[in-house]
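The structure file model-v2.cif is reproduced below (mmCIF, C-alpha atoms).
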```
data_run
loop_
_atom_site.label_atom_id
_atom_site.label_comp_id
_atom_site.auth_asym_id
_atom_site.auth_seq_id
_atom_site.Cartn_x
_atom_site.Cartn_y
_atom_site.Cartn_z
CA MET A 230 -14.39 -23.35 -8.56
CA SER A 231 -17.94 -24.64 -8.90
CA SER A 232 -20.41 -23.82 -6.13
CA GLU A 233 -21.64 -27.38 -5.62
CA LYS A 234 -22.40 -28.10 -1.99
CA THR A 235 -19.54 -29.54 0.02
CA GLY A 236 -18.18 -28.99 3.47
CA VAL A 237 -15.41 -26.53 4.25
CA GLY A 238 -12.65 -27.72 6.52
CA ILE A 239 -8.95 -27.84 7.32
CA LEU A 240 -6.93 -29.84 4.79
CA GLY A 241 -3.46 -29.41 6.29
CA LEU A 242 -1.65 -27.97 9.30
CA GLY A 243 1.84 -26.71 10.06
CA LYS A 244 3.68 -24.99 12.87
CA SER A 245 7.03 -23.29 13.40
CA LEU A 246 8.68 -22.24 16.65
CA PRO A 247 11.95 -20.43 17.28
CA GLU A 248 14.80 -22.48 18.71
CA LYS A 249 15.55 -20.00 21.50
CA VAL A 250 13.88 -20.96 24.80
CA LEU A 251 13.26 -18.51 27.67
CA THR A 252 12.53 -20.29 30.95
CA ASN A 253 11.11 -18.94 34.17
CA SER A 254 14.58 -19.32 35.68
CA ASP A 255 15.91 -17.03 32.97
CA LEU A 256 13.23 -14.46 33.81
CA GLU A 257 14.19 -14.56 37.49
CA LYS A 258 17.52 -13.02 36.43
CA MET A 259 15.82 -10.29 34.39
CA VAL A 260 12.95 -9.06 36.53
CA ASP A 261 11.62 -9.33 40.09
CA THR A 262 9.69 -12.59 39.76
CA SER A 263 9.96 -16.29 40.53
CA ASP A 264 9.19 -19.60 38.86
CA GLU A 265 6.64 -20.35 41.61
CA TRP A 266 4.86 -17.00 41.11
CA ILE A 267 4.70 -17.42 37.31
CA VAL A 268 3.50 -21.04 37.35
CA LYS A 269 0.88 -20.41 40.04
CA ARG A 270 -0.65 -17.44 38.22
CA THR A 271 -0.22 -18.43 34.59
CA GLY A 272 0.82 -22.09 34.28
CA ILE A 273 3.65 -21.02 31.97
CA GLN A 274 7.05 -22.66 32.40
CA LYS A 275 8.84 -21.49 29.25
CA ARG A 276 8.31 -19.73 25.95
CA ARG A 277 10.05 -19.51 22.54
CA LEU A 278 11.64 -16.27 21.34
CA LEU A 279 12.85 -14.96 18.00
CA GLU A 280 16.56 -14.22 17.81
CA LYS A 281 17.56 -10.57 17.62
CA ASN A 282 17.05 -9.27 14.07
CA GLN A 283 15.31 -12.50 12.98
CA PRO A 284 12.30 -11.66 10.78
CA LEU A 285 8.97 -13.07 11.85
CA TYR A 286 8.02 -13.97 8.29
CA GLU A 287 10.56 -16.83 8.38
CA LEU A 288 8.39 -18.67 10.90
CA GLY A 289 5.30 -17.98 8.82
CA VAL A 290 6.93 -19.34 5.65
CA ASP A 291 8.06 -22.49 7.45
CA ALA A 292 4.60 -23.13 8.93
CA ALA A 293 2.95 -22.42 5.56
CA ASN A 294 5.16 -24.87 3.69
CA LYS A 295 4.44 -27.58 6.27
CA ALA A 296 0.68 -26.96 6.05
CA MET A 297 0.70 -27.20 2.25
CA ALA A 298 2.73 -30.42 2.39
CA ASP A 299 0.28 -31.84 4.92
CA ALA A 300 -2.63 -30.90 2.65
CA GLY A 301 -0.90 -32.36 -0.39
CA ILE A 302 -1.21 -29.21 -2.49
CA THR A 303 1.29 -26.86 -4.11
CA ALA A 304 1.71 -23.13 -3.57
CA GLU A 305 0.34 -22.50 -7.07
CA GLU A 306 -2.97 -24.03 -5.98
CA ILE A 307 -3.45 -21.46 -3.19
CA ASP A 308 -6.05 -18.84 -4.14
CA LEU A 309 -5.72 -16.56 -1.12
CA VAL A 310 -3.21 -16.02 1.68
CA ILE A 311 -4.52 -14.55 4.94
CA VAL A 312 -1.96 -13.72 7.61
CA THR A 313 -3.10 -12.98 11.14
CA THR A 314 -0.67 -10.96 13.23
CA GLU A 315 -0.45 -8.00 15.57
CA THR A 316 3.35 -7.86 15.28
CA PRO A 317 4.11 -7.57 11.55
CA ASP A 318 7.62 -7.08 10.23
CA TYR A 319 6.28 -4.27 8.02
CA LEU A 320 3.01 -2.37 7.77
CA ALA A 321 3.67 -2.34 4.02
CA PRO A 322 4.18 -4.70 2.37
CA SER A 323 1.78 -6.79 4.40
CA MET A 324 3.01 -9.99 6.01
CA ALA A 325 0.63 -11.86 3.70
CA CYS A 326 2.31 -10.40 0.61
CA ILE A 327 5.77 -11.15 1.99
CA ILE A 328 4.85 -14.77 2.73
CA GLN A 329 2.96 -15.16 -0.55
CA GLY A 330 6.10 -14.12 -2.40
CA LYS A 331 8.44 -16.32 -0.36
CA ILE A 332 6.38 -19.50 -0.83
CA GLY A 333 5.67 -18.87 -4.51
CA ALA A 334 1.87 -18.65 -4.26
CA LYS A 335 1.82 -16.64 -7.48
CA ASN A 336 -1.89 -17.15 -8.15
CA ALA A 337 -3.03 -15.97 -4.71
CA ALA A 338 -4.42 -12.71 -3.45
CA ALA A 339 -3.05 -11.75 -0.03
CA PHE A 340 -3.98 -9.61 2.96
CA ASP A 341 -3.35 -9.29 6.69
CA LEU A 342 -6.05 -9.58 9.33
CA ASN A 343 -5.67 -8.29 12.87
CA ALA A 344 -8.13 -9.48 15.51
CA ALA A 345 -5.29 -9.96 18.03
CA CYS A 346 -5.46 -13.38 19.71
CA SER A 347 -8.76 -14.18 17.96
CA GLY A 348 -7.13 -13.67 14.57
CA PHE A 349 -6.87 -17.27 13.43
CA MET A 350 -10.55 -17.86 14.23
CA TYR A 351 -11.58 -14.69 12.41
CA ALA A 352 -9.52 -15.79 9.39
CA LEU A 353 -11.10 -19.24 9.45
CA THR A 354 -14.53 -17.58 9.30
CA VAL A 355 -13.47 -15.34 6.40
CA ALA A 356 -12.00 -18.31 4.52
CA LYS A 357 -15.21 -20.30 4.92
CA GLN A 358 -17.24 -17.53 3.27
CA PHE A 359 -14.95 -17.35 0.23
CA ILE A 360 -15.07 -21.13 -0.24
CA ASP A 361 -18.82 -21.45 0.46
CA THR A 362 -19.59 -18.98 -2.33
CA GLY A 363 -17.28 -20.77 -4.76
CA PHE A 364 -15.09 -17.68 -5.16
CA TYR A 365 -11.96 -19.54 -3.98
CA LYS A 366 -11.07 -23.19 -3.46
CA HIS A 367 -7.88 -23.28 -1.37
CA ILE A 368 -7.03 -20.65 1.24
CA LEU A 369 -3.85 -20.55 3.30
CA ILE A 370 -4.11 -19.03 6.78
CA VAL A 371 -0.84 -18.20 8.51
CA ALA A 372 -0.93 -16.99 12.12
CA CYS A 373 2.50 -15.63 13.02
CA GLU A 374 3.32 -13.60 16.09
CA GLY A 375 6.50 -12.14 17.54
CA LEU A 376 5.23 -10.76 20.82
CA SER A 377 8.70 -10.72 22.39
CA ARG A 378 9.34 -7.67 20.17
CA VAL A 379 6.59 -5.65 21.90
CA VAL A 380 7.13 -6.82 25.47
CA ASP A 381 8.43 -4.48 28.17
CA TRP A 382 11.02 -6.77 29.75
CA LYS A 383 10.95 -4.63 32.90
CA ASP A 384 7.21 -5.14 33.42
CA ARG A 385 6.85 -8.37 35.38
CA ALA A 386 3.06 -8.38 34.95
CA THR A 387 3.31 -8.94 31.19
CA CYS A 388 6.83 -10.04 30.23
CA VAL A 389 6.27 -13.52 31.70
CA LEU A 390 3.23 -14.18 29.51
CA PHE A 391 4.22 -13.98 25.87
CA GLY A 392 6.18 -15.93 23.27
CA ASP A 393 6.74 -16.19 19.53
CA GLY A 394 5.70 -18.72 16.91
CA ALA A 395 3.60 -19.47 13.85
CA GLY A 396 0.80 -21.86 12.95
CA ALA A 397 -0.73 -22.39 9.52
CA ALA A 398 -3.73 -24.12 7.99
CA VAL A 399 -4.88 -24.85 4.45
CA VAL A 400 -8.65 -24.52 4.24
CA GLY A 401 -10.67 -26.03 1.42
CA PRO A 402 -13.50 -28.37 0.38
CA VAL A 403 -14.11 -31.51 2.43
CA GLU A 404 -16.77 -34.22 2.37
CA GLN A 405 -20.30 -33.03 3.00
CA GLY A 406 -21.08 -33.33 6.70
CA TYR A 407 -17.47 -32.71 7.74
CA GLY A 408 -15.52 -29.52 8.36
CA ILE A 409 -16.80 -26.30 9.92
CA GLN A 410 -20.32 -26.83 11.27
CA ALA A 411 -20.84 -23.57 13.17
CA ILE A 412 -19.01 -20.31 13.73
CA GLU A 413 -19.33 -17.41 16.15
CA MET A 414 -17.36 -14.20 16.36
CA GLY A 415 -17.80 -10.83 17.97
CA ALA A 416 -16.12 -7.75 19.38
CA ASP A 417 -16.60 -5.12 22.09
CA GLY A 418 -14.56 -2.09 21.15
CA THR A 419 -15.64 -0.28 24.32
CA MET A 420 -13.28 -2.62 26.19
CA GLY A 421 -10.38 -2.22 23.78
CA HIS A 422 -8.40 -0.06 26.21
CA ASN A 423 -7.76 -3.14 28.37
CA ILE A 424 -5.10 -4.53 25.96
CA THR A 425 -3.10 -2.08 23.87
CA ILE A 426 -0.01 -2.11 21.66
CA PRO A 427 0.61 1.40 20.24
CA CYS A 428 1.92 1.78 16.71
CA LEU A 429 2.08 5.23 15.07
CA TYR A 430 0.04 7.11 17.68
CA MET A 431 -0.87 6.81 21.33
CA ASN A 432 -2.98 9.04 23.54
CA GLU A 433 -1.79 10.53 26.82
CA GLU A 434 -3.58 7.88 28.88
CA ASP A 435 -1.81 5.05 27.06
CA ALA A 436 1.55 6.77 27.36
CA ALA A 437 1.07 7.25 31.10
CA LYS A 438 0.42 3.51 31.61
CA ARG A 439 3.90 2.71 30.32
CA GLU A 440 6.50 3.49 32.96
CA HIS A 441 9.69 3.03 30.95
CA GLU A 442 11.29 4.86 28.04
CA ASN A 443 10.03 2.48 25.35
CA LYS A 444 6.33 3.22 25.01
CA ASN A 445 5.56 0.97 22.01
CA VAL A 446 5.01 -2.08 24.19
CA ILE A 447 2.04 -4.19 25.22
CA TRP A 448 -0.01 -3.11 28.22
CA MET A 449 -2.85 -5.12 29.74
CA ASP A 450 -5.35 -4.86 32.58
CA GLY A 451 -5.07 -8.51 33.63
CA SER A 452 -8.09 -8.52 35.93
CA GLU A 453 -10.51 -7.12 33.35
CA VAL A 454 -9.17 -9.37 30.60
CA PHE A 455 -9.48 -12.42 32.87
CA LYS A 456 -13.17 -11.80 33.55
CA PHE A 457 -13.90 -11.09 29.89
CA ALA A 458 -12.01 -14.18 28.72
CA VAL A 459 -13.66 -16.68 31.04
CA ARG A 460 -17.13 -15.37 30.23
CA THR A 461 -16.75 -15.09 26.46
CA MET A 462 -14.86 -18.36 25.91
CA ALA A 463 -17.59 -20.27 27.73
CA TYR A 464 -20.35 -18.42 25.84
CA ALA A 465 -18.70 -18.80 22.41
CA SER A 466 -18.12 -22.52 22.96
CA GLU A 467 -21.71 -23.14 24.08
CA LYS A 468 -23.01 -21.15 21.10
CA VAL A 469 -21.29 -23.19 18.37
CA ILE A 470 -22.09 -26.48 20.10
CA ALA A 471 -25.79 -25.56 20.28
CA ASP A 472 -25.78 -24.23 16.70
CA SER A 473 -24.42 -27.60 15.58
CA ASN A 474 -27.30 -29.38 17.37
CA LEU A 475 -24.82 -31.08 19.68
CA THR A 476 -24.19 -31.28 23.41
CA LEU A 477 -20.96 -31.18 25.38
CA ASP A 478 -21.03 -34.97 25.50
CA ASP A 479 -20.64 -35.00 21.70
CA ILE A 480 -17.43 -32.96 21.81
CA LYS A 481 -14.14 -34.86 21.68
CA LEU A 482 -11.80 -31.95 22.37
CA ILE A 483 -11.86 -28.21 23.07
CA ILE A 484 -8.81 -26.26 21.92
CA PRO A 485 -8.80 -22.81 23.52
CA HIS A 486 -6.54 -19.82 23.10
CA GLN A 487 -3.52 -20.48 25.31
CA ALA A 488 -3.41 -17.24 27.28
CA ASN A 489 -3.18 -18.43 30.84
CA SER A 490 -3.94 -21.74 32.58
CA ARG A 491 -6.23 -20.02 35.10
CA ILE A 492 -8.34 -18.54 32.30
CA ILE A 493 -8.58 -21.94 30.59
CA GLU A 494 -9.51 -23.65 33.87
CA GLY A 495 -12.08 -20.96 34.65
CA ALA A 496 -13.73 -21.27 31.24
CA ALA A 497 -13.75 -25.08 31.47
CA LYS A 498 -15.36 -24.92 34.91
CA ARG A 499 -17.99 -22.48 33.66
CA LEU A 500 -18.69 -24.82 30.74
CA GLY A 501 -18.77 -27.87 33.00
CA VAL A 502 -16.23 -29.88 31.00
CA PRO A 503 -13.47 -32.08 32.47
CA GLU A 504 -9.83 -31.09 31.99
CA SER A 505 -9.35 -34.21 29.86
CA LYS A 506 -11.47 -32.60 27.11
CA VAL A 507 -9.38 -29.42 26.97
CA TYR A 508 -6.03 -29.29 25.17
CA VAL A 509 -3.42 -27.18 26.97
CA ASN A 510 0.16 -26.40 25.95
CA VAL A 511 0.52 -22.94 27.51
CA GLN A 512 3.18 -24.35 29.84
CA GLU A 513 5.49 -24.91 26.85
CA TYR A 514 5.03 -21.76 24.79
CA GLY A 515 3.16 -19.10 26.74
CA ASN A 516 0.72 -16.83 24.91
CA ILE A 517 1.54 -16.61 21.17
CA SER A 518 -1.59 -14.59 20.36
CA SER A 519 -3.32 -15.75 17.15
CA ALA A 520 -0.79 -18.55 16.62
CA CYS A 521 -1.83 -20.39 19.80
CA ILE A 522 -4.85 -22.23 18.41
CA PRO A 523 -3.33 -23.53 15.14
CA ILE A 524 -0.17 -24.64 16.97
CA ALA A 525 -2.24 -26.42 19.63
CA LEU A 526 -4.50 -28.01 16.99
CA ASN A 527 -1.46 -29.22 15.04
CA GLU A 528 -0.02 -30.80 18.18
CA ALA A 529 -3.30 -32.44 19.13
CA VAL A 530 -3.58 -34.01 15.67
CA GLU A 531 0.05 -35.16 15.74
CA LYS A 532 -0.54 -36.81 19.12
CA GLY A 533 -3.53 -38.74 17.77
CA LEU A 534 -6.02 -36.89 19.97
CA VAL A 535 -8.16 -35.96 16.95
CA SER A 536 -9.46 -38.47 14.41
CA LYS A 537 -11.81 -38.32 11.45
CA GLY A 538 -15.37 -37.74 12.59
CA ASP A 539 -14.43 -36.19 15.93
CA ASN A 540 -16.21 -33.01 16.95
CA ILE A 541 -13.78 -30.35 18.15
CA VAL A 542 -14.29 -26.78 19.33
CA LEU A 543 -11.75 -24.04 18.68
CA VAL A 544 -12.29 -20.92 20.80
CA GLY A 545 -10.35 -17.74 21.40
CA PHE A 546 -10.48 -14.20 22.73
CA GLY A 547 -8.14 -11.27 22.37
CA GLY A 548 -7.42 -7.59 22.10
CA GLY A 549 -10.07 -5.40 20.62
CA LEU A 550 -11.65 -6.92 22.63
CA THR A 551 -12.63 -9.79 20.36
CA TRP A 552 -13.82 -13.39 20.54
CA ALA A 553 -14.49 -16.21 18.10
CA SER A 554 -15.21 -19.93 18.03
CA SER A 555 -15.86 -22.78 15.63
CA MET A 556 -17.26 -26.31 15.89
CA ILE A 557 -15.50 -28.60 13.43
CA ARG A 558 -16.25 -32.19 12.54
CA TRP A 559 -12.76 -33.33 11.69
CA GLY A 560 -12.62 -34.65 8.14
CA LYS A 561 -8.97 -35.48 7.67
#
```

Rewrite the structure from the file as structure tokens, please.
Amino acid sequence: MSSEKTGVGILGLGKSLPEKVLTNSDLEKMVDTSDEWIVKRTGIQKRRLLEKNQPLYELGVDAANKAMADAGITAEEIDLVIVTTETPDYLAPSMACIIQGKIGAKNAAAFDLNAACSGFMYALTVAKQFIDTGFYKHILIVACEGLSRVVDWKDRATCVLFGDGAGAAVVGPVEQGYGIQAIEMGADGTMGHNITIPCLYMNEEDAAKREHENKNVIWMDGSEVFKFAVRTMAYASEKVIADSNLTLDDIKLIIPHQANSRIIEGAAKRLGVPESKVYVNVQEYGNISSACIPIALNEAVEKGLVSKGDNIVLVGFGGGLTWASSMIRWGK
């Protein structure tokens, strides 16, 4: 690819969600909770779950194929596949290599990226660098998460929050002046202990936090994460808006990570933006980690809420703890 100056933006989007639905009423039969308690504290009404023994990569492949079709390009034109996940089917081969093989992207390099719920935003930043330098032209990002596989279904504090799904985006050259205008990402590893999912090792402190026999499950300090999320989502949004020489009035839509309606409302209030400018679908799917933002963006575009020339902000936070945001002038 030549290095002539163009913008870098999203060329196509796709999403894939399991058919199985878990409602709050279903959860009332599984754990000591209630629909009223869940909705009041999280805004979540239902979530989608993988079937038992269903591989997560199937959702990723489906979302990837839809994104490529939307972009009007073939798998052979993909130069790099980045998969963001914290719940891979295998540690090796990577989810990116599995999906690359399944979709026939034979000319693409492939690797996984784990920044937890901020993963899609991190991958978008990585993709932009490869395309800006002219090293690659078309990059496929697939965010696929199967959090139901790491949930302790006896822990009512966390089992109500999470769901499964995949969102994908093809990133490539767009008209100058469109696409990604500003990016921000960061991490604070000193706060990483507030959200943990053990894999091949866990310390005594992490083991003690998990009351039941299965220790390889997600654990979260909800209060600490809430404060971090509200603060960092507001900061990261303000940063990319300012770096784009814009104001909040110039922004058509903010698409945040769909962790919890109270977090989204708190961040919006801190930013001083009306609810009408914030896209929310957490009530339908719960928290799908890195897949939240691409799924929500896909839906917003399908609903006609985003048009060419609109300024939109994507912003997320997650385990690590991490955060990331982007201001995009929509070019599609």

Take the PyMOL selection byres ((chain A and resi 397-401) around 10), run it mentally on this structure, and tell me the resulting residues as number ranges by chain. A: 235-245, 288-302, 307, 310-313, 349, 353, 356-357, 359-361, 365-373, 395-396, 402-403, 408, 520, 522-524, 526-527

Which residue, A:Pro427, A:Trp448, A:Lys532, A:Val542, has the smallest gap to A:Glu467 when you use all atoms listed in the file? A:Val542

Spatial sel., origin (-1.5, -13.7, 20.2), limit 9 Å, all atoms listed in the file, listed as a ChimeraX atom specification: /A:314-315,345-348,372-376,391-393,486-488,516-521,547-548

Between atom CA of A:Gly363 and atom CA of A:Glu305, distance in Å (one decimal):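 Taking atom CA of A:Gly363 and atom CA of A:Glu305, their separation equals 17.9 Å.
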
Could you check the closest approach to A:Asn510 for each of A:Arg276, A:Lys335, A:Lys269, A:Lys481 and tell me which residue wins, using all atoms listed in the file?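 Closest residue, counting all atoms listed in the file: A:Arg276.
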
One residue among A:Asp472, A:Glu287, A:Glu531, A:Asp381 is nearest to A:Ile426 when using only C-alpha atoms, and that residue is A:Asp381

Just how far from atom CA of A:Pro284 is atom CA of A:Gly515, in Å to one decimal?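 Those two atoms sit 19.8 Å apart.
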
Within 12 Å of (5.2, -14.9, 28.5) (coordinates as in the file), grab all the protein and nucleic acid residues, counting all atoms listed in the file, and write them out as a VMD selection string. chain A and resid 250 to 253 255 to 256 267 to 268 270 to 278 375 to 382 384 to 393 447 487 to 489 511 to 518

Pick from A:Ile484, A:Cys428, A:Val530, A:Ala525, whichever lies nearest to A:Tyr319 using only C-alpha atoms: A:Cys428

To test your reading of the syntax: which residues would the PyMOL selection byres ((chain A and resi 417) around 9) return for the file shown? Reply as JSON, numbers by chain. {"A": [415, 416, 418, 419, 420, 421, 549, 550, 551, 552]}

Show me, as a list in words, the residues that have an atom within 12 Å of A:Met431 when counting all atoms listed in the file, minus same-chain residues fewer than 5 positions from it. His422, Thr425, Ile426, Ala436, Ala437, Lys438, Arg439, Lys444, Asn445 and Val446 of chain A

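Counting from atom CA of A:Ala463, the distance to atom CA of A:Tyr407 is 23.5 Å.
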
Picked residues, the PyMOL selection byres ((chain A and resi 499-507) around 10), as number ranges by chain: A: 459-460, 462-464, 466-467, 477-478, 480-485, 493-498, 508-509, 534, 541-542

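Minimum atom-to-atom distance to A:Ile412, evaluated using all atoms listed in the file, belongs to A:Gln358 out of A:Gln358, A:Ser536, A:Gln283, A:Asn343.
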
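Among the candidate residues A:Ala339, A:Asp435, A:Lys383, A:Lys456, the one lying nearest to A:Val260 is A:Lys383, with distances computed using only C-alpha atoms.
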